[in-house]
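Dumped start_5.cif below, it's mmCIF, C-alpha atoms:
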data_final
#
loop_
_atom_site.group_PDB
_atom_site.id
_atom_site.type_symbol
_atom_site.label_atom_id
_atom_site.label_comp_id
_atom_site.auth_asym_id
_atom_site.auth_seq_id
_atom_site.Cartn_x
_atom_site.Cartn_y
_atom_site.Cartn_z
ATOM 1 C CA MET R 1 6.915 112.464 75.004
ATOM 2 C CA GLN R 2 4.657 114.853 76.792
ATOM 3 C CA ALA R 3 4.640 117.758 79.193
ATOM 4 C CA ARG R 4 2.046 118.245 81.908
ATOM 5 C CA ILE R 5 0.890 121.710 82.954
ATOM 6 C CA ARG R 6 -1.084 122.260 86.156
ATOM 7 C CA LEU R 7 -2.590 125.583 87.207
ATOM 8 C CA THR R 8 -3.802 126.343 90.715
ATOM 9 C CA GLY R 9 -6.331 128.730 92.194
ATOM 10 C CA ASP R 10 -10.062 129.330 91.951
ATOM 11 C CA ARG R 11 -9.939 130.144 88.244
ATOM 12 C CA ALA R 12 -7.589 127.289 87.301
ATOM 13 C CA PRO R 13 -10.131 125.230 85.293
ATOM 14 C CA ALA R 14 -11.204 128.232 83.195
ATOM 15 C CA GLU R 15 -7.606 129.396 82.758
ATOM 16 C CA LEU R 16 -6.600 125.899 81.664
ATOM 17 C CA VAL R 17 -9.165 126.125 78.865
ATOM 18 C CA GLU R 18 -7.769 129.560 77.926
ATOM 19 C CA LEU R 19 -4.205 128.195 77.890
ATOM 20 C CA ASP R 20 -5.313 125.251 75.728
ATOM 21 C CA GLY R 21 -6.809 127.716 73.229
ATOM 22 C CA TRP R 22 -3.683 129.860 73.349
ATOM 23 C CA LEU R 23 -1.414 126.896 72.580
ATOM 24 C CA SER R 24 -3.661 125.777 69.723
ATOM 25 C CA ARG R 25 -2.711 128.987 67.888
ATOM 26 C CA GLU R 26 0.972 127.933 67.807
ATOM 27 C CA ASP R 27 1.680 126.060 64.563
ATOM 28 C CA GLU R 28 4.083 123.626 66.260
ATOM 29 C CA LEU R 29 1.632 122.853 69.086
ATOM 30 C CA ARG R 30 -1.692 122.859 67.212
ATOM 31 C CA GLY R 31 -3.565 119.640 67.999
ATOM 32 C CA GLN R 32 -0.909 118.556 70.503
ATOM 33 C CA ALA R 33 -2.614 119.672 73.730
ATOM 34 C CA ALA R 34 -5.503 118.084 75.598
ATOM 35 C CA ILE R 35 -7.085 118.772 78.956
ATOM 36 C CA GLU R 36 -6.997 115.744 81.235
ATOM 37 C CA LYS R 37 -10.255 115.123 83.047
ATOM 38 C CA PRO R 38 -9.962 113.403 86.441
ATOM 39 C CA GLU R 39 -11.563 110.000 86.817
ATOM 40 C CA THR R 40 -14.956 110.218 88.509
ATOM 41 C CA GLN R 41 -15.991 107.782 91.215
ATOM 42 C CA PRO R 42 -19.603 106.466 91.125
ATOM 43 C CA GLU R 43 -20.683 108.627 94.092
ATOM 44 C CA GLN R 44 -19.096 111.825 92.734
ATOM 45 C CA MET R 45 -20.585 114.415 90.401
ATOM 46 C CA GLY R 46 -17.328 114.904 88.529
ATOM 47 C CA GLY R 47 -14.117 116.805 88.966
ATOM 48 C CA LEU R 48 -12.762 119.914 87.370
ATOM 49 C CA ALA R 49 -9.940 119.550 84.916
ATOM 50 C CA ASP R 50 -6.635 120.727 86.302
ATOM 51 C CA ILE R 51 -3.945 119.361 83.967
ATOM 52 C CA LEU R 52 -3.116 120.163 80.362
ATOM 53 C CA ILE R 53 -1.144 117.456 78.552
ATOM 54 C CA VAL R 54 1.030 118.645 75.655
ATOM 55 C CA ALA R 55 2.662 116.191 73.237
ATOM 56 C CA LEU R 56 6.233 117.196 72.428
ATOM 57 C CA GLY R 57 6.941 115.134 69.329
ATOM 58 C CA ALA R 58 8.828 117.633 67.171
ATOM 59 C CA GLN R 59 12.387 118.762 67.778
ATOM 60 C CA GLY R 60 12.257 122.124 69.521
ATOM 61 C CA ALA R 61 8.642 121.736 70.677
ATOM 62 C CA GLY R 62 9.738 122.204 74.308
ATOM 63 C CA ALA R 63 11.246 125.586 73.470
ATOM 64 C CA VAL R 64 8.079 126.618 71.622
ATOM 65 C CA LEU R 65 5.945 125.531 74.582
ATOM 66 C CA ALA R 66 8.158 127.395 77.074
ATOM 67 C CA ALA R 67 8.020 130.602 75.028
ATOM 68 C CA SER R 68 4.278 130.380 74.462
ATOM 69 C CA VAL R 69 3.451 129.707 78.130
ATOM 70 C CA ALA R 70 5.716 132.585 79.217
ATOM 71 C CA VAL R 71 3.921 134.981 76.866
ATOM 72 C CA TRP R 72 0.514 133.657 77.985
ATOM 73 C CA ILE R 73 1.419 134.334 81.619
ATOM 74 C CA ARG R 74 2.552 137.863 80.768
ATOM 75 C CA HIS R 75 -0.587 138.711 78.755
ATOM 76 C CA ARG R 76 -3.294 136.923 80.689
ATOM 77 C CA ARG R 77 -2.321 137.194 84.321
ATOM 78 C CA PRO R 78 -0.466 139.671 86.510
ATOM 79 C CA SER R 79 0.544 136.653 88.580
ATOM 80 C CA ALA R 80 0.514 132.901 88.086
ATOM 81 C CA ASP R 81 0.993 129.695 89.995
ATOM 82 C CA ILE R 82 1.904 126.965 87.540
ATOM 83 C CA GLU R 83 3.548 123.552 87.707
ATOM 84 C CA VAL R 84 5.187 122.108 84.592
ATOM 85 C CA THR R 85 6.469 118.542 84.337
ATOM 86 C CA GLY R 86 8.766 117.725 81.438
ATOM 87 C CA PRO R 87 8.969 114.479 79.447
ATOM 88 C CA ASP R 88 11.713 113.096 81.677
ATOM 89 C CA GLY R 89 9.694 113.671 84.860
ATOM 90 C CA ARG R 90 11.551 116.786 86.009
ATOM 91 C CA SER R 91 9.115 119.284 87.441
ATOM 92 C CA VAL R 92 9.099 122.936 88.415
ATOM 93 C CA LYS R 93 6.531 124.932 90.367
ATOM 94 C CA ILE R 94 6.573 128.617 89.541
ATOM 95 C CA SER R 95 4.876 131.415 91.432
ATOM 96 C CA VAL R 96 5.155 134.456 89.207
ATOM 97 C CA ARG R 97 4.555 137.925 90.570
ATOM 98 C CA ASP R 98 5.305 140.499 87.885
ATOM 99 C CA ALA R 99 8.473 138.660 86.798
ATOM 100 C CA PRO R 100 9.988 139.421 83.399
ATOM 101 C CA ALA R 101 8.753 136.941 80.778
ATOM 102 C CA LEU R 102 12.330 136.047 79.824
ATOM 103 C CA ASP R 103 13.018 134.776 83.359
ATOM 104 C CA VAL R 104 9.903 132.582 83.283
ATOM 105 C CA GLU R 105 10.763 131.289 79.809
ATOM 106 C CA ALA R 106 14.294 130.350 80.882
ATOM 107 C CA VAL R 107 13.004 128.298 83.821
ATOM 108 C CA LEU R 108 10.397 126.562 81.648
ATOM 109 C CA ARG R 109 12.963 125.801 78.911
ATOM 110 C CA HIS R 110 15.212 124.165 81.502
ATOM 111 C CA VAL R 111 12.427 121.691 82.350
ATOM 112 C CA LEU R 112 11.005 121.170 78.855
ATOM 113 C CA GLU R 113 14.006 120.955 76.576
ATOM 114 C CA GLN R 114 15.780 117.656 76.193
#
Final structure tokens representation of the file:
Amino acid sequence: MQARIRLTGDRAPAELVELDGWLSREDELRGQAAIEKPETQPEQMGGLADILIVALGAQGAGAVLAASVAVWIRHRRPSADIEVTGPDGRSVKISVRDAPALDVEAVLRHVLEQ
């Protein structure tokens, strides 16, 4: 099972790399995340990565991911536009503007936990 995380905005590709690094410091998520690169057509120079795929193999990994992403949002950005799709296909788009981290975590847990 996997979760898909999409960031939006001008800095989304760089912030996706930062989020990937952040998640790699979580014991339960280390080695479980990978940035998806869009397929390039022959006449294109290449696209910017915009999705982070996170494998959720262990019991409770969704809760760990929700907590970690909520803390990342609080520490790295005063605001965030993020879309998270859970293993069952449920999706949530969140526009955070100085929201308490616990509120963000609760919404993410709802999508990510089985």
Would you kindly return, as a compact mmCIF listing (two decimals) with C-alpha atoms, in the frame of the given file, each protein, DNA or RNA residue with an atom no farther than 12 Å from any atom of Leu108 of chain R, considering all atoms listed in the file and excluding same-chain residues fewer than 3 positions away?
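New file around26.txt:
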# COMPACT_ATOMS: atom_id res chain seq x y z
CA ALA R 3 4.64 117.76 79.19
CA ARG R 4 2.05 118.24 81.91
CA ILE R 5 0.89 121.71 82.95
CA GLY R 62 9.74 122.20 74.31
CA ALA R 63 11.25 125.59 73.47
CA VAL R 64 8.08 126.62 71.62
CA LEU R 65 5.94 125.53 74.58
CA ALA R 66 8.16 127.40 77.07
CA ALA R 67 8.02 130.60 75.03
CA SER R 68 4.28 130.38 74.46
CA VAL R 69 3.45 129.71 78.13
CA ALA R 70 5.72 132.58 79.22
CA VAL R 71 3.92 134.98 76.87
CA ILE R 73 1.42 134.33 81.62
CA ILE R 82 1.90 126.96 87.54
CA GLU R 83 3.55 123.55 87.71
CA VAL R 84 5.19 122.11 84.59
CA THR R 85 6.47 118.54 84.34
CA GLY R 86 8.77 117.72 81.44
CA ARG R 90 11.55 116.79 86.01
CA SER R 91 9.12 119.28 87.44
CA VAL R 92 9.10 122.94 88.42
CA LYS R 93 6.53 124.93 90.37
CA ILE R 94 6.57 128.62 89.54
CA ALA R 101 8.75 136.94 80.78
CA LEU R 102 12.33 136.05 79.82
CA ASP R 103 13.02 134.78 83.36
CA VAL R 104 9.90 132.58 83.28
CA GLU R 105 10.76 131.29 79.81
CA VAL R 111 12.43 121.69 82.35
CA LEU R 112 11.00 121.17 78.86
CA GLU R 113 14.01 120.96 76.58
CA GLN R 114 15.78 117.66 76.19
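Minimum distance to Asp81 of chain R across R:Ala106, R:Val96, R:Ile51, R:Leu56 (counting all atoms listed in the file) occurs at R:Val96.
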(message) Can you translate the PyMOL selection byres ((chain R and resi 18) around 12) into the concrete residues it hits in this file, as a PyMOL selection string?
(response) chain R and resi 7+11-17+19-25+33-35+52+69+72-73+75-77
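Going from atom CA of Glu36 of chain R over to atom CA of Asp50 of chain R, you cover 7.1 Å.
As for atom CA of Glu28 of chain R and atom CA of Gly9 of chain R, they are spaced 28.4 Å apart.
Reported to one decimal place, the separation of atom CA of Gly60 of chain R from atom CA of Ala80 of chain R is 24.5 Å.
Remark: for Ile53 of chain R, the closest of the candidate residues R:Val107, R:Arg97, R:Gly89, R:Gln32 is R:Gln32 (distances computed over only C-alpha atoms).
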Output as a PDB file, keeping the file's coordinate frame: segment 14-25 of chain R, completed with all heavy atoms.
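Wrote it out as part.pdb, contents follow:
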ATOM      1  N   ALA R  14     -10.918 127.314  84.312  1.00  0.00           N
ATOM      2  CA  ALA R  14     -11.204 128.232  83.195  1.00  0.00           C
ATOM      3  C   ALA R  14      -9.911 128.691  82.526  1.00  0.00           C
ATOM      4  O   ALA R  14      -9.837 128.796  81.299  1.00  0.00           O
ATOM      5  CB  ALA R  14     -11.998 129.441  83.693  1.00  0.00           C
ATOM      6  N   GLU R  15      -8.876 128.953  83.320  1.00  0.00           N
ATOM      7  CA  GLU R  15      -7.606 129.396  82.758  1.00  0.00           C
ATOM      8  C   GLU R  15      -6.919 128.271  81.991  1.00  0.00           C
ATOM      9  O   GLU R  15      -6.216 128.523  81.015  1.00  0.00           O
ATOM     10  CB  GLU R  15      -6.709 129.936  83.865  1.00  0.00           C
ATOM     11  CG  GLU R  15      -7.220 131.270  84.384  1.00  0.00           C
ATOM     12  CD  GLU R  15      -6.472 131.766  85.589  1.00  0.00           C
ATOM     13  OE1 GLU R  15      -5.785 130.966  86.254  1.00  0.00           O
ATOM     14  OE2 GLU R  15      -6.570 132.969  85.870  1.00  0.00           O
ATOM     15  N   LEU R  16      -7.153 127.033  82.398  1.00  0.00           N
ATOM     16  CA  LEU R  16      -6.600 125.899  81.664  1.00  0.00           C
ATOM     17  C   LEU R  16      -7.205 125.826  80.270  1.00  0.00           C
ATOM     18  O   LEU R  16      -6.502 125.574  79.291  1.00  0.00           O
ATOM     19  CB  LEU R  16      -6.865 124.613  82.440  1.00  0.00           C
ATOM     20  CG  LEU R  16      -5.935 123.451  82.186  1.00  0.00           C
ATOM     21  CD1 LEU R  16      -4.509 123.807  82.558  1.00  0.00           C
ATOM     22  CD2 LEU R  16      -6.398 122.234  82.947  1.00  0.00           C
ATOM     23  N   VAL R  17      -8.499 126.085  80.173  1.00  0.00           N
ATOM     24  CA  VAL R  17      -9.165 126.125  78.865  1.00  0.00           C
ATOM     25  C   VAL R  17      -8.598 127.264  78.026  1.00  0.00           C
ATOM     26  O   VAL R  17      -8.338 127.102  76.826  1.00  0.00           O
ATOM     27  CB  VAL R  17     -10.696 126.260  79.034  1.00  0.00           C
ATOM     28  CG1 VAL R  17     -11.377 126.525  77.706  1.00  0.00           C
ATOM     29  CG2 VAL R  17     -11.269 125.009  79.701  1.00  0.00           C
ATOM     30  N   GLU R  18      -8.362 128.428  78.644  1.00  0.00           N
ATOM     31  CA  GLU R  18      -7.769 129.560  77.926  1.00  0.00           C
ATOM     32  C   GLU R  18      -6.362 129.217  77.437  1.00  0.00           C
ATOM     33  O   GLU R  18      -5.999 129.529  76.295  1.00  0.00           O
ATOM     34  CB  GLU R  18      -7.712 130.791  78.835  1.00  0.00           C
ATOM     35  CG  GLU R  18      -9.068 131.376  79.161  1.00  0.00           C
ATOM     36  CD  GLU R  18      -8.998 132.482  80.202  1.00  0.00           C
ATOM     37  OE1 GLU R  18      -7.881 132.853  80.624  1.00  0.00           O
ATOM     38  OE2 GLU R  18     -10.059 132.954  80.615  1.00  0.00           O
ATOM     39  N   LEU R  19      -5.567 128.566  78.288  1.00  0.00           N
ATOM     40  CA  LEU R  19      -4.205 128.195  77.890  1.00  0.00           C
ATOM     41  C   LEU R  19      -4.240 127.175  76.754  1.00  0.00           C
ATOM     42  O   LEU R  19      -3.455 127.273  75.808  1.00  0.00           O
ATOM     43  CB  LEU R  19      -3.435 127.635  79.088  1.00  0.00           C
ATOM     44  CG  LEU R  19      -2.002 127.170  78.808  1.00  0.00           C
ATOM     45  CD1 LEU R  19      -1.154 128.283  78.189  1.00  0.00           C
ATOM     46  CD2 LEU R  19      -1.367 126.649  80.087  1.00  0.00           C
ATOM     47  N   ASP R  20      -5.156 126.230  76.807  1.00  0.00           N
ATOM     48  CA  ASP R  20      -5.313 125.251  75.728  1.00  0.00           C
ATOM     49  C   ASP R  20      -5.603 125.965  74.399  1.00  0.00           C
ATOM     50  O   ASP R  20      -5.007 125.660  73.370  1.00  0.00           O
ATOM     51  CB  ASP R  20      -6.425 124.272  76.077  1.00  0.00           C
ATOM     52  CG  ASP R  20      -6.600 123.172  75.053  1.00  0.00           C
ATOM     53  OD1 ASP R  20      -5.603 122.748  74.433  1.00  0.00           O
ATOM     54  OD2 ASP R  20      -7.750 122.731  74.866  1.00  0.00           O
ATOM     55  N   GLY R  21      -6.504 126.930  74.431  1.00  0.00           N
ATOM     56  CA  GLY R  21      -6.809 127.716  73.229  1.00  0.00           C
ATOM     57  C   GLY R  21      -5.615 128.513  72.745  1.00  0.00           C
ATOM     58  O   GLY R  21      -5.357 128.613  71.544  1.00  0.00           O
ATOM     59  N   TRP R  22      -4.885 129.084  73.677  1.00  0.00           N
ATOM     60  CA  TRP R  22      -3.683 129.860  73.349  1.00  0.00           C
ATOM     61  C   TRP R  22      -2.664 128.980  72.630  1.00  0.00           C
ATOM     62  O   TRP R  22      -2.117 129.352  71.594  1.00  0.00           O
ATOM     63  CB  TRP R  22      -3.100 130.429  74.637  1.00  0.00           C
ATOM     64  CG  TRP R  22      -1.839 131.209  74.482  1.00  0.00           C
ATOM     65  CD1 TRP R  22      -0.568 130.712  74.461  1.00  0.00           C
ATOM     66  CD2 TRP R  22      -1.709 132.616  74.323  1.00  0.00           C
ATOM     67  NE1 TRP R  22       0.344 131.727  74.323  1.00  0.00           N
ATOM     68  CE2 TRP R  22      -0.330 132.906  74.237  1.00  0.00           C
ATOM     69  CE3 TRP R  22      -2.623 133.664  74.273  1.00  0.00           C
ATOM     70  CZ2 TRP R  22       0.148 134.203  74.088  1.00  0.00           C
ATOM     71  CZ3 TRP R  22      -2.135 134.958  74.128  1.00  0.00           C
ATOM     72  CH2 TRP R  22      -0.776 135.215  74.029  1.00  0.00           C
ATOM     73  N   LEU R  23      -2.407 127.800  73.177  1.00  0.00           N
ATOM     74  CA  LEU R  23      -1.414 126.896  72.580  1.00  0.00           C
ATOM     75  C   LEU R  23      -1.857 126.381  71.219  1.00  0.00           C
ATOM     76  O   LEU R  23      -1.028 126.108  70.356  1.00  0.00           O
ATOM     77  CB  LEU R  23      -1.128 125.727  73.521  1.00  0.00           C
ATOM     78  CG  LEU R  23      -0.469 126.087  74.853  1.00  0.00           C
ATOM     79  CD1 LEU R  23      -0.315 124.842  75.715  1.00  0.00           C
ATOM     80  CD2 LEU R  23       0.854 126.795  74.659  1.00  0.00           C
ATOM     81  N   SER R  24      -3.161 126.274  71.012  1.00  0.00           N
ATOM     82  CA  SER R  24      -3.661 125.777  69.723  1.00  0.00           C
ATOM     83  C   SER R  24      -3.384 126.757  68.585  1.00  0.00           C
ATOM     84  O   SER R  24      -3.471 126.391  67.417  1.00  0.00           O
ATOM     85  CB  SER R  24      -5.154 125.463  69.801  1.00  0.00           C
ATOM     86  OG  SER R  24      -5.914 126.653  69.848  1.00  0.00           O
ATOM     87  N   ARG R  25      -3.035 128.003  68.919  1.00  0.00           N
ATOM     88  CA  ARG R  25      -2.711 128.987  67.888  1.00  0.00           C
ATOM     89  C   ARG R  25      -1.236 128.942  67.489  1.00  0.00           C
ATOM     90  O   ARG R  25      -0.826 129.643  66.566  1.00  0.00           O
ATOM     91  CB  ARG R  25      -3.116 130.380  68.359  1.00  0.00           C
ATOM     92  CG  ARG R  25      -4.644 130.524  68.433  1.00  0.00           C
ATOM     93  CD  ARG R  25      -5.082 131.950  68.685  1.00  0.00           C
ATOM     94  NE  ARG R  25      -4.802 132.441  70.013  1.00  0.00           N
ATOM     95  CZ  ARG R  25      -5.568 132.251  71.085  1.00  0.00           C
ATOM     96  NH1 ARG R  25      -6.675 131.560  70.986  1.00  0.00           N
ATOM     97  NH2 ARG R  25      -5.237 132.752  72.243  1.00  0.00           N
TER      98      ARG R  25
END
